[in-house]
Amino acid sequence: MHWLSPLIVPLIVAAVLLRRALRPQKPKRVRFTLLWLLPALLLLVTISSVLSRPGPGILASIAWLMAMIGGGLLGWYRVHTLEFTVDSESGKVSARATQFGSILIVGLIALRYGADFIIKKLGLGDGLVYATDAMLLFTTSMYVARSVHTWIRARALVVAHRAATPLPDKTPTR
């Protein structure tokens with residue numbers, strides 16, 4: 001039973017996310033300026049973490065590269081699980097998470113803790129640090145790709161809205 005204790009918090013988070021996935025989500029406004037805050041902070045932490053140790057060997061480098069590619073692809077794909085809308089009056093863009101997107105996050109949590117369990121059972125020792133760095137690289141590249149793709153999709157909606165909205169007549173009246 002003691003092996004279950006480290007899983008209690010992730011199980012609670014997964015339960016909350018699953019509950020959230022079963023209910024319709026409210027749209028949240030896309031804030032272009034805040035869109036880059038979390039990825040920038042994650043990049044800072046990731047770079048300092050990766051550079052704090054000696055360079056990895058060839059296998060760890062390949063694992064890191066695969067983690068970055070996988071995270072980037074998943075982050076890019078996650079944006080496709082969002083539903084975007086544009087307010088016709090203000091032109092503000094909102095995004096709403098779909099149930100699939102929430103379930104995807106629960107799957108990532110399960111994958112992360114499953115990988116952690118396997119790494120500990122295999123007794124990788126020093127490789128554990130490289131494995132956690134790979135997970136950090138995966139998460140960071142996922143958030144960066146998600147922010148870039150959200151910006152691209154939301155910006156396209158804003159441009160299309162502006163093109164479709166007639167400009168007010170500025171001719172002087174006499």
# chains A, B, ... in the order shown; residues from 1 in each chain; ligands from 1
>>> residues_around(residues="Leu38 of chain A", least_positions_apart="2", cutoff="12 Å", atoms="only C-alpha atoms", output="VMD selection string")
chain A and resid 33 to 36 40 to 46 139 to 147
>>> residues_around(residues="segment 52-56 of chain A", least_positions_apart="5", cutoff="9 Å", atoms="only C-alpha atoms", output="ChimeraX atom specification")
/A:47,61,130
>>> write_last_selection(atoms="N, CA and C atoms", output="PDB file, in the first residue's frame")
ATOM      1  N   ILE A  47      16.317  25.322 -19.783  1.00  0.00           N
ATOM      2  CA  ILE A  47      17.692  25.599 -20.219  1.00  0.00           C
ATOM      3  C   ILE A  47      18.649  25.574 -19.030  1.00  0.00           C
ATOM      4  N   SER A  61      21.075  12.019 -25.538  1.00  0.00           N
ATOM      5  CA  SER A  61      20.854  13.103 -26.501  1.00  0.00           C
ATOM      6  C   SER A  61      19.745  12.739 -27.488  1.00  0.00           C
ATOM      7  N   TYR A 130      18.695  12.309 -16.435  1.00  0.00           N
ATOM      8  CA  TYR A 130      18.534  12.536 -17.873  1.00  0.00           C
ATOM      9  C   TYR A 130      17.096  12.250 -18.312  1.00  0.00           C
TER      10      TYR A 130
END
>>> closest_residue(among="A:Phe138, A:Trp64, A:Phe100, A:Trp151", to="Val30 of chain A", atoms="only C-alpha atoms")
A:Trp151
>>> select_by_dssp(residues="segment 31-99 of chain A", states="helix (DSSP H, G or I)", output="PyMOL selection string")
chain A and resi 34-51+58-79+99
>>> closest_residue(among="A:Ala67, A:Ile62, A:Val13, A:Val86", to="Arg162 of chain A", atoms="only C-alpha atoms")
A:Val86
>>> closest_residue(among="A:Val16, A:Asp133, A:Ser88, A:Ala110", to="Ala160 of chain A", atoms="only C-alpha atoms")
A:Ser88
>>> atom_distance(atom1="atom CA of Thr165 of chain A", atom2="atom CA of Glu89 of chain A")
9.2 Å
>>> select_by_dssp(residues="segment 37-153 of chain A", states="strand (DSSP E)", output="PyMOL selection string")
chain A and resi 82-86+93-97
>>> closest_residue(among="A:Ala97, A:Met135, A:Ile8, A:Leu59", to="Arg78 of chain A", atoms="only C-alpha atoms")
A:Ala97
>>> residues_around(residues="Pro24 of chain A", least_positions_apart="5", cutoff="10 Å", atoms="only C-alpha atoms", output="list in words")
Arg96, Ala97, Thr98 and Gln99 of chain A
